[in-house]
file data_36.cif (mmCIF, C-alpha atoms)
data_my_file
loop_
_atom_site.label_atom_id
_atom_site.label_comp_id
_atom_site.auth_asym_id
_atom_site.auth_seq_id
_atom_site.Cartn_x
_atom_site.Cartn_y
_atom_site.Cartn_z
CA MET A 747 134.84 237.56 32.25
CA THR A 748 135.12 238.66 28.64
CA ASP A 749 134.56 242.40 29.03
CA SER A 750 137.36 243.37 26.66
CA GLN A 751 139.45 240.70 25.01
CA THR A 752 141.90 243.20 23.57
CA ASP A 753 145.11 242.44 25.39
CA THR A 754 146.58 245.81 24.44
CA THR A 755 146.54 249.12 26.28
CA VAL A 756 143.11 249.21 27.84
CA PRO A 757 143.39 251.48 30.88
CA SER A 758 141.70 249.04 33.20
CA ASN A 759 142.80 247.86 36.57
CA ARG A 760 142.59 244.23 35.60
CA VAL A 761 145.90 242.50 35.42
CA SER A 762 146.56 241.59 31.82
CA GLY A 763 149.28 240.35 29.54
CA ILE A 764 152.71 239.70 30.92
CA GLY A 765 151.58 240.84 34.36
CA ARG A 766 149.77 237.51 34.68
CA LEU A 767 153.02 235.71 34.09
CA LEU A 768 154.63 237.79 36.81
CA ILE A 769 151.84 236.79 39.19
CA ALA A 770 152.27 233.13 38.26
CA VAL A 771 156.01 233.23 38.92
CA TYR A 772 155.39 235.04 42.21
CA GLY A 773 152.90 232.34 43.13
CA VAL A 774 155.41 229.58 42.41
CA LEU A 775 158.10 231.35 44.42
CA ALA A 776 155.67 231.90 47.29
CA LEU A 777 154.90 228.18 47.21
CA ALA A 778 158.60 227.27 47.08
CA ALA A 779 159.50 229.57 49.97
CA THR A 780 156.54 228.37 52.03
CA GLY A 781 157.40 224.72 51.39
CA ARG A 782 161.02 225.18 52.33
CA SER A 783 160.33 227.13 55.51
CA PHE A 784 157.65 224.59 56.48
CA VAL A 785 160.22 221.79 56.21
CA GLN A 786 162.90 223.77 58.02
CA ILE A 787 160.68 224.77 60.91
CA VAL A 788 159.09 221.35 61.36
CA ARG A 789 162.43 219.55 61.24
CA ALA A 790 164.81 221.64 63.28
CA PHE A 791 163.80 225.18 64.10
CA SER A 792 166.23 225.40 67.02
CA GLU A 793 169.20 224.65 64.75
CA ALA A 794 169.10 228.04 63.12
CA PRO A 795 166.27 230.19 64.43
CA LEU A 796 167.44 233.31 62.61
CA ALA A 797 167.75 231.74 59.17
CA TYR A 798 164.54 229.76 59.55
CA ALA A 799 162.51 232.65 60.91
CA LEU A 800 163.77 234.66 57.97
CA SER A 801 162.69 231.91 55.58
CA ALA A 802 159.21 232.01 57.05
CA LEU A 803 159.09 235.79 56.88
CA ALA A 804 160.23 235.70 53.25
CA ALA A 805 157.53 233.14 52.47
CA VAL A 806 154.82 235.32 54.01
CA VAL A 807 156.06 238.37 52.13
CA TYR A 808 155.99 236.47 48.83
CA ILE A 809 152.43 235.35 49.51
CA VAL A 810 151.32 238.91 50.34
CA ALA A 811 153.12 240.26 47.26
CA THR A 812 151.35 237.71 45.07
CA ILE A 813 147.96 238.73 46.45
CA ALA A 814 148.87 242.42 46.13
CA LEU A 815 149.70 241.96 42.45
CA VAL A 816 146.35 240.26 41.83
CA LYS A 817 144.26 242.84 43.70
CA ARG A 818 144.51 246.01 41.68
CA THR A 819 143.30 248.60 44.16
CA ALA A 820 145.07 251.68 45.43
CA LEU A 821 145.72 250.13 48.82
CA TRP A 822 147.00 246.82 47.47
CA TYR A 823 149.10 248.73 44.95
CA ARG A 824 150.90 250.38 47.85
CA ILE A 825 151.22 247.01 49.63
CA ALA A 826 152.70 245.57 46.43
CA TRP A 827 155.37 248.28 46.40
CA VAL A 828 156.18 247.73 50.06
CA THR A 829 156.41 243.94 49.87
CA ILE A 830 158.36 243.90 46.61
CA GLY A 831 160.67 246.61 47.93
CA PHE A 832 161.18 244.53 51.06
CA GLU A 833 162.04 241.50 48.92
CA LEU A 834 164.66 243.41 46.97
CA PHE A 835 166.10 244.80 50.20
CA GLY A 836 166.04 241.34 51.79
CA VAL A 837 167.72 239.54 48.93
CA LEU A 838 170.44 242.19 48.70
CA LEU A 839 171.05 242.32 52.45
CA VAL A 840 170.93 238.59 53.15
CA GLY A 841 172.74 237.83 49.91
CA THR A 842 175.60 240.14 50.87
CA LEU A 843 175.70 238.98 54.49
CA SER A 844 175.74 235.32 53.45
CA LEU A 845 178.87 236.02 51.42
CA VAL A 846 180.60 238.40 53.86
CA ASP A 847 179.80 236.44 57.03
CA PRO A 848 178.78 232.88 56.10
CA ALA A 849 178.63 231.91 59.78
CA LEU A 850 175.55 234.06 60.17
CA PHE A 851 173.59 232.05 57.61
CA GLN A 852 174.94 228.52 57.73
CA HIS A 853 171.49 227.25 56.90
CA ALA A 854 170.12 228.20 53.55
CA THR A 855 167.32 230.70 53.13
CA VAL A 856 165.63 231.73 49.90
CA TRP A 857 167.80 234.81 49.89
CA SER A 858 171.22 233.24 50.61
CA VAL A 859 173.83 234.15 48.00
CA TYR A 860 171.25 236.35 46.23
CA GLY A 861 168.87 233.45 45.77
CA SER A 862 171.34 231.23 43.93
CA GLY A 863 169.49 228.13 45.13
CA TYR A 864 166.44 229.42 43.27
CA LEU A 865 168.19 230.27 39.98
CA PHE A 866 168.54 233.90 41.17
CA ILE A 867 164.81 234.33 40.63
CA PRO A 868 164.46 236.05 44.04
CA LEU A 869 166.95 238.68 42.82
CA VAL A 870 165.43 239.25 39.38
CA LEU A 871 161.77 239.07 40.30
CA PRO A 872 161.51 242.17 42.54
CA VAL A 873 163.17 244.26 39.83
CA LEU A 874 160.69 242.98 37.23
CA GLY A 875 157.88 243.50 39.72
CA MET A 876 158.85 247.11 40.37
CA TRP A 877 159.20 247.76 36.65
CA TRP A 878 155.76 246.32 36.08
CA LEU A 879 154.20 248.28 38.96
CA ALA A 880 155.76 251.51 37.68
CA ARG A 881 154.39 250.83 34.20
CA HIS A 882 150.92 249.93 35.48
CA PRO A 883 149.87 252.32 38.22
CA VAL A 884 146.42 251.94 39.68
CA SER A 885 144.15 254.86 38.92
CA PRO A 886 142.41 255.79 42.19
CA ILE A 887 139.09 256.44 40.43
CA GLY A 888 138.90 253.11 38.68
CA SER A 889 140.03 251.08 41.64
CA ARG A 890 137.67 248.42 42.87
CA ALA A 891 137.38 247.45 46.47
CA MET W 469 161.60 206.59 43.82
CA ILE W 470 162.56 204.83 40.60
CA GLU W 471 165.47 206.71 39.13
CA TRP W 472 164.99 206.05 35.41
CA PHE W 473 161.32 206.93 35.65
CA THR W 474 162.18 210.19 37.39
CA TRP W 475 164.66 211.15 34.69
CA LEU W 476 162.12 210.30 31.98
CA GLN W 477 159.53 212.37 33.80
CA LEU W 478 161.97 215.24 34.18
CA ALA W 479 162.74 215.14 30.44
CA ILE W 480 159.02 215.20 29.60
CA ALA W 481 158.40 218.11 31.99
CA VAL W 482 161.27 220.12 30.46
CA ALA W 483 160.18 219.35 26.88
CA GLY W 484 156.53 220.12 27.62
CA GLY W 485 157.51 223.28 29.49
CA LEU W 486 159.67 224.59 26.67
CA LEU W 487 156.95 223.74 24.13
CA CYS W 488 154.34 225.70 26.10
CA VAL W 489 156.63 228.69 26.69
CA VAL W 490 157.56 228.90 23.00
CA LEU W 491 153.98 228.43 21.75
CA GLY W 492 152.77 230.99 24.29
CA LEU W 493 155.38 233.55 23.30
CA VAL W 494 154.47 233.24 19.61
CA GLY W 495 150.90 234.02 20.62
CA ARG W 496 149.02 230.73 20.90
CA LYS W 497 146.15 230.42 23.31
CA PRO W 498 146.01 227.24 25.39
CA THR W 499 145.24 224.30 23.10
CA ASP W 500 144.68 220.58 23.53
CA LEU W 501 148.40 220.15 22.88
CA THR W 502 149.66 222.51 25.58
CA MET W 503 146.92 221.57 28.04
CA GLY W 504 147.65 217.92 27.24
CA ALA W 505 151.36 218.35 27.91
CA THR W 506 150.56 219.88 31.29
CA ALA W 507 148.06 217.12 32.03
CA LEU W 508 150.70 214.51 31.17
CA VAL W 509 153.12 216.15 33.61
CA GLU W 510 150.42 215.99 36.29
CA LEU W 511 149.58 212.37 35.48
CA LEU W 512 153.22 211.34 35.78
CA LEU W 513 153.40 213.13 39.14
CA ILE W 514 150.49 211.02 40.37
CA VAL W 515 152.35 207.91 39.20
CA GLN W 516 155.40 209.24 41.03
CA LEU W 517 153.34 209.66 44.19
CA ALA W 518 152.14 206.06 43.96
CA ALA W 519 155.69 204.90 43.30
CA ALA W 520 157.02 206.91 46.25
CA ILE W 521 154.48 205.30 48.55
CA ALA W 522 155.16 201.81 47.22
CA ALA W 523 158.96 201.98 46.80
CA PRO W 524 159.94 201.72 50.50
CA LEU W 525 157.89 198.47 50.69
CA ALA W 526 160.17 197.06 47.99
CA GLY W 527 163.28 198.12 49.86
CA ASN W 528 163.84 201.31 47.88
CA THR W 529 164.01 203.87 50.67
CA ALA W 530 164.85 207.55 50.52
CA THR W 531 168.37 208.55 51.50
CA GLY W 532 167.26 212.04 52.49
CA SER W 533 164.36 213.62 54.34
CA LEU W 534 160.96 212.19 53.50
CA LEU W 535 159.30 215.31 54.90
CA GLU W 536 161.17 217.45 52.41
CA PHE W 537 160.49 214.99 49.61
CA TYR W 538 156.74 214.98 50.17
CA THR W 539 156.62 218.77 50.56
CA TYR W 540 158.10 219.01 47.09
CA LEU W 541 155.84 216.31 45.69
CA VAL W 542 152.63 217.78 47.08
CA SER W 543 153.60 221.28 45.90
CA ALA W 544 154.47 219.90 42.46
CA LEU W 545 151.11 218.12 42.27
CA ALA W 546 149.27 221.38 42.94
CA LEU W 547 151.04 223.44 40.28
CA PRO W 548 149.76 221.94 36.98
CA VAL W 549 146.22 221.87 38.38
CA ALA W 550 146.37 225.57 39.29
CA ALA W 551 147.89 226.51 35.93
CA GLY W 552 145.34 224.37 34.10
CA PHE W 553 142.42 226.09 35.79
CA TRP W 554 143.99 229.42 35.00
CA ALA W 555 144.32 228.44 31.35
CA LEU W 556 140.64 227.46 31.25
CA VAL W 557 139.53 230.75 32.80
CA GLU W 558 141.88 233.06 30.92
CA ARG W 559 142.28 231.90 27.37
CA SER W 560 145.19 234.12 26.46
CA ARG W 561 148.72 233.52 25.19
CA TRP W 562 150.10 234.24 28.65
CA SER W 563 148.16 231.34 30.07
CA THR W 564 150.10 229.13 27.67
CA VAL W 565 153.37 230.64 28.90
CA ILE W 566 152.21 230.03 32.47
CA LEU W 567 151.53 226.37 31.63
CA GLY W 568 155.13 226.18 30.42
CA VAL W 569 156.60 227.93 33.45
CA THR W 570 154.64 225.52 35.63
CA CYS W 571 156.02 222.46 33.82
CA LEU W 572 159.55 223.84 34.13
CA SER W 573 159.01 224.48 37.85
CA VAL W 574 157.85 220.89 38.23
CA ALA W 575 161.05 219.80 36.46
CA VAL W 576 163.18 221.72 38.96
CA MET W 577 161.23 220.19 41.84
CA LEU W 578 161.65 216.69 40.37
CA TYR W 579 165.38 217.28 40.18
CA ARG W 580 165.40 218.24 43.87
CA MET W 581 163.20 215.25 44.75
CA ASN W 582 165.61 212.94 42.97
CA GLN W 583 168.50 214.46 44.93
CA ILE W 584 166.67 213.99 48.20
CA TRP W 585 165.74 210.38 47.45
CA ASN W 586 168.78 209.06 45.63
CA VAL W 587 171.77 211.33 46.27
CA GLN W 588 171.48 213.07 49.62
CA GLY W 589 173.06 210.87 52.25
CA SER W 590 171.90 212.54 55.43
#
call {"tool": "encode", "arguments": {"input": "data_36.cif", "output": "C-alpha cells"}}
result
Amino acid sequence: MTDSQTDTTVPSNRVSGIGRLLIAVYGVLALAATGRSFVQIVRAFSEAPLAYALSALAAVVYIVATIALVKRTALWYRIAWVTIGFELFGVLLVGTLSLVDPALFQHATVWSVYGSGYLFIPLVLPVLGMWWLARHPVSPIGSRA
Amino acid sequence: MIEWFTWLQLAIAVAGGLLCVVLGLVGRKPTDLTMGATALVELLLIVQLAAAIAAPLAGNTATGSLLEFYTYLVSALALPVAAGFWALVERSRWSTVILGVTCLSVAVMLYRMNQIWNVQGS
C-alpha cells in the first residue's frame, strides 16, 4: 500500500498522480455510457438499432479502457492504446456523420456531435489518455501480471 | 421529485465539487471537510431516492421516463461511495480532486434527473 509515498517520478508501473484522475473520469464516462445504452436498449432497441448498438459498443469500450488504464502491464498497455484510439476514431467519425447526415443518427449516442451531450468529454478524454499513455509507457521488465 | 430540493441539492453538489477540486489542486489530501462534503452529497441523494419513491403517491409524477430517471439516480448513488473508498485507500491530493469530480458529475446527473422528472413531456 505505502511502498513509496513520493508522488513524483518513481519509475514504477503503479498509476500515480494525475493518471488516477484520468482513470476516475474514464470510470464516470463508462458508467454514463453504460447507463444510457442500458436505458436505450431496454426501452426501444428496434427504434434505432444502429445508434443503440453503437452506444452499447461505446460503453463496453469505455469500460475496457478504464480497466486497461488501471492494469499497468504490457498487454493491458497495448489494449489501452487500442481502446482509446478506437474512442478517438469513434467520436470523430460519429461526430462528423451526425453533423453531415443527421438522419443516420437521429437518436443520440455518446459520440453524437463530438460528444456535445457529455460536455465534449468524449472528445477531449481520448487525447488526454493518449498523452498520458505516451508519457507513461509500461516497462516490460517491471510489468506485473 | 421536489423541484426546490433538487435545485438546493444541485447547488450543494456544485459547491462541494468545486471546493474539493480546488483543495485537491492546491495539494490537500482528503480531509474531514472534503470527505464530509462528498458524504453530504451522498446523503442528499438518499433523501432524493426516498422522495422519488414517495412523490408519485402524493400525485407528483415524473413527466419523462422513470427507467431513465432511476438509472441516473442509482448511478449517482454509486459515485460518491466509490470516490470515498478511493479517498480512504489512496490518501493523495488527486483523491481530493476525484471527490470533487464525482460531486460535479452528480450535479450534472441531478440536472438531467430534474429535466426528466419536471421538464421532459414525453
call {"tool": "atom_distance", "arguments": {"input": "data_36.cif", "atom1": "atom CA of Arg818 of chain A", "atom2": "atom CA of Ser560 of chain W"}}
result
19.3 Å
call {"tool": "interface_residues", "arguments": {"input": "data_36.cif", "of": "chain A", "to": "chain W", "cutoff": "8 Å", "atoms": "all atoms listed in the file", "output": "list in words"}}
result
Gly763, Ile764, Arg766, Leu767, Ala770, Val771, Val774, Leu777, Ala778, Gly781, Arg782 and Val785 of chain A
call {"tool": "resolve_selection", "arguments": {"input": "data_36.cif", "expression": "the PyMOL selection byres ((chain A and resi 802) around 8)", "output": "CSV table (one decimal) with C-alpha atoms, keeping the file's coordinate frame"}}
result
chain,number,residue,atom,x,y,z
A,779,ALA,CA,159.5,229.6,50.0
A,780,THR,CA,156.5,228.4,52.0
A,783,SER,CA,160.3,227.1,55.5
A,784,PHE,CA,157.6,224.6,56.5
A,798,TYR,CA,164.5,229.8,59.6
A,799,ALA,CA,162.5,232.6,60.9
A,800,LEU,CA,163.8,234.7,58.0
A,801,SER,CA,162.7,231.9,55.6
A,803,LEU,CA,159.1,235.8,56.9
A,804,ALA,CA,160.2,235.7,53.2
A,805,ALA,CA,157.5,233.1,52.5
A,806,VAL,CA,154.8,235.3,54.0
call {"tool": "resolve_selection", "arguments": {"input": "data_36.cif", "expression": "the PyMOL selection byres ((chain A and resi 863) around 12)", "output": "tab-separated table (two decimals) with C-alpha atoms, in the coordinates of the input"}}
result
chain	number	residue	atom	x	y	z
A	775	LEU	CA	158.10	231.35	44.42
A	778	ALA	CA	158.60	227.27	47.08
A	779	ALA	CA	159.50	229.57	49.97
A	782	ARG	CA	161.02	225.18	52.33
A	841	GLY	CA	172.74	237.83	49.91
A	853	HIS	CA	171.49	227.25	56.90
A	854	ALA	CA	170.12	228.20	53.55
A	855	THR	CA	167.32	230.70	53.13
A	856	VAL	CA	165.63	231.73	49.90
A	857	TRP	CA	167.80	234.81	49.89
A	858	SER	CA	171.22	233.24	50.61
A	859	VAL	CA	173.83	234.15	48.00
A	860	TYR	CA	171.25	236.35	46.23
A	861	GLY	CA	168.87	233.45	45.77
A	862	SER	CA	171.34	231.23	43.93
A	864	TYR	CA	166.44	229.42	43.27
A	865	LEU	CA	168.19	230.27	39.98
A	866	PHE	CA	168.54	233.90	41.17
A	867	ILE	CA	164.81	234.33	40.63
A	868	PRO	CA	164.46	236.05	44.04
A	869	LEU	CA	166.95	238.68	42.82
W	576	VAL	CA	163.18	221.72	38.96
W	577	MET	CA	161.23	220.19	41.84
W	580	ARG	CA	165.40	218.24	43.87
call {"tool": "resolve_selection", "arguments": {"input": "data_36.cif", "expression": "the PyMOL selection byres ((chain A and resi 808-813) around 7)", "output": "PyMOL selection string"}}
result
chain A and resi 769+772-773+776+804-807+814-817+826+829-830
call {"tool": "atom_distance", "arguments": {"input": "data_36.cif", "atom1": "atom CA of Ala519 of chain W", "atom2": "atom CA of Gly552 of chain W"}}
result
23.9 Å
call {"tool": "atom_distance", "arguments": {"input": "data_36.cif", "atom1": "atom CA of Leu486 of chain W", "atom2": "atom CA of Gly568 of chain W"}}
result
6.1 Å
call {"tool": "residues_around", "arguments": {"input": "data_36.cif", "residues": "segment 504-515 of chain W", "least_positions_apart": "6", "cutoff": "7 Å", "atoms": "all atoms listed in the file", "output": "short mmCIF file (atom, residue, chain, number, x, y, z; two decimals) with C-alpha atoms, in the coordinates of the input"}}
result
data_model
loop_
_atom_site.label_atom_id
_atom_site.label_comp_id
_atom_site.auth_asym_id
_atom_site.auth_seq_id
_atom_site.Cartn_x
_atom_site.Cartn_y
_atom_site.Cartn_z
CA GLN W 477 159.53 212.37 33.80
CA ALA W 481 158.40 218.11 31.99
CA GLY W 484 156.53 220.12 27.62
CA LEU W 545 151.11 218.12 42.27
CA PRO W 548 149.76 221.94 36.98
CA LEU W 567 151.53 226.37 31.63
CA CYS W 571 156.02 222.46 33.82
#
call {"tool": "closest_residue", "arguments": {"input": "data_36.cif", "among": "W:Leu572, W:Leu476, W:Leu578, W:Ala555", "to": "Thr502 of chain W", "atoms": "all atoms listed in the file"}}
result
W:Ala555
call {"tool": "build_atoms", "arguments": {"input": "data_36.cif", "residues": "segment 485-496 of chain W", "atoms": "all heavy atoms", "output": "mmCIF file, in the frame of the given file"}}
result
data_model
loop_
_atom_site.group_PDB
_atom_site.id
_atom_site.type_symbol
_atom_site.label_atom_id
_atom_site.label_comp_id
_atom_site.auth_asym_id
_atom_site.auth_seq_id
_atom_site.Cartn_x
_atom_site.Cartn_y
_atom_site.Cartn_z
ATOM 1 N N GLY W 485 157.393 221.899 29.021
ATOM 2 C CA GLY W 485 157.510 223.280 29.490
ATOM 3 C C GLY W 485 158.032 224.192 28.409
ATOM 4 O O GLY W 485 157.469 225.270 28.156
ATOM 5 N N LEU W 486 159.104 223.759 27.730
ATOM 6 C CA LEU W 486 159.670 224.590 26.670
ATOM 7 C C LEU W 486 158.657 224.771 25.537
ATOM 8 O O LEU W 486 158.493 225.872 25.003
ATOM 9 C CB LEU W 486 160.965 223.959 26.134
ATOM 10 C CG LEU W 486 162.153 223.989 27.103
ATOM 11 C CD1 LEU W 486 163.348 223.261 26.499
ATOM 12 C CD2 LEU W 486 162.533 225.421 27.455
ATOM 13 N N LEU W 487 157.967 223.680 25.195
ATOM 14 C CA LEU W 487 156.950 223.740 24.130
ATOM 15 C C LEU W 487 155.902 224.800 24.463
ATOM 16 O O LEU W 487 155.566 225.651 23.631
ATOM 17 C CB LEU W 487 156.290 222.365 23.982
ATOM 18 C CG LEU W 487 155.154 222.270 22.970
ATOM 19 C CD1 LEU W 487 155.719 222.136 21.569
ATOM 20 C CD2 LEU W 487 154.232 221.108 23.278
ATOM 21 N N CYS W 488 155.389 224.762 25.696
ATOM 22 C CA CYS W 488 154.340 225.700 26.100
ATOM 23 C C CYS W 488 154.866 227.139 26.117
ATOM 24 O O CYS W 488 154.179 228.064 25.670
ATOM 25 C CB CYS W 488 153.783 225.343 27.476
ATOM 26 S SG CYS W 488 152.875 223.802 27.504
ATOM 27 N N VAL W 489 156.074 227.329 26.632
ATOM 28 C CA VAL W 489 156.630 228.690 26.690
ATOM 29 C C VAL W 489 156.778 229.247 25.282
ATOM 30 O O VAL W 489 156.365 230.380 24.994
ATOM 31 C CB VAL W 489 157.993 228.692 27.431
ATOM 32 C CG1 VAL W 489 158.707 230.029 27.239
ATOM 33 C CG2 VAL W 489 157.792 228.436 28.922
ATOM 34 N N VAL W 490 157.339 228.427 24.377
ATOM 35 C CA VAL W 490 157.560 228.900 23.000
ATOM 36 C C VAL W 490 156.224 229.187 22.310
ATOM 37 O O VAL W 490 156.019 230.259 21.741
ATOM 38 C CB VAL W 490 158.378 227.860 22.196
ATOM 39 C CG1 VAL W 490 158.375 228.209 20.713
ATOM 40 C CG2 VAL W 490 159.806 227.796 22.723
ATOM 41 N N LEU W 491 155.285 228.236 22.401
ATOM 42 C CA LEU W 491 153.980 228.430 21.750
ATOM 43 C C LEU W 491 153.254 229.642 22.335
ATOM 44 O O LEU W 491 152.585 230.381 21.622
ATOM 45 C CB LEU W 491 153.118 227.179 21.894
ATOM 46 C CG LEU W 491 153.507 225.996 20.999
ATOM 47 C CD1 LEU W 491 152.574 224.819 21.236
ATOM 48 C CD2 LEU W 491 153.475 226.396 19.530
ATOM 49 N N GLY W 492 153.401 229.841 23.656
ATOM 50 C CA GLY W 492 152.770 230.990 24.290
ATOM 51 C C GLY W 492 153.382 232.294 23.805
ATOM 52 O O GLY W 492 152.678 233.253 23.501
ATOM 53 N N LEU W 493 154.708 232.310 23.698
ATOM 54 C CA LEU W 493 155.380 233.550 23.300
ATOM 55 C C LEU W 493 155.088 233.910 21.844
ATOM 56 O O LEU W 493 155.086 235.088 21.496
ATOM 57 C CB LEU W 493 156.900 233.423 23.517
ATOM 58 C CG LEU W 493 157.334 233.431 24.987
ATOM 59 C CD1 LEU W 493 158.837 233.292 25.107
ATOM 60 C CD2 LEU W 493 156.873 234.701 25.703
ATOM 61 N N VAL W 494 154.837 232.894 20.985
ATOM 62 C CA VAL W 494 154.470 233.240 19.610
ATOM 63 C C VAL W 494 152.972 233.562 19.498
ATOM 64 O O VAL W 494 152.481 233.848 18.417
ATOM 65 C CB VAL W 494 154.847 232.141 18.580
ATOM 66 C CG1 VAL W 494 156.342 231.889 18.591
ATOM 67 C CG2 VAL W 494 154.080 230.862 18.814
ATOM 68 N N GLY W 495 152.257 233.501 20.621
ATOM 69 C CA GLY W 495 150.900 234.020 20.620
ATOM 70 C C GLY W 495 149.777 233.008 20.630
ATOM 71 O O GLY W 495 148.620 233.363 20.421
ATOM 72 N N ARG W 496 150.092 231.736 20.880
ATOM 73 C CA ARG W 496 149.020 230.730 20.900
ATOM 74 C C ARG W 496 148.263 230.754 22.220
ATOM 75 O O ARG W 496 148.870 230.843 23.283
ATOM 76 C CB ARG W 496 149.610 229.334 20.716
ATOM 77 C CG ARG W 496 150.385 229.143 19.450
ATOM 78 C CD ARG W 496 149.454 229.006 18.248
ATOM 79 N NE ARG W 496 150.248 228.853 17.028
ATOM 80 C CZ ARG W 496 150.777 227.694 16.633
ATOM 81 N NH1 ARG W 496 150.588 226.621 17.351
ATOM 82 N NH2 ARG W 496 151.501 227.640 15.543
#
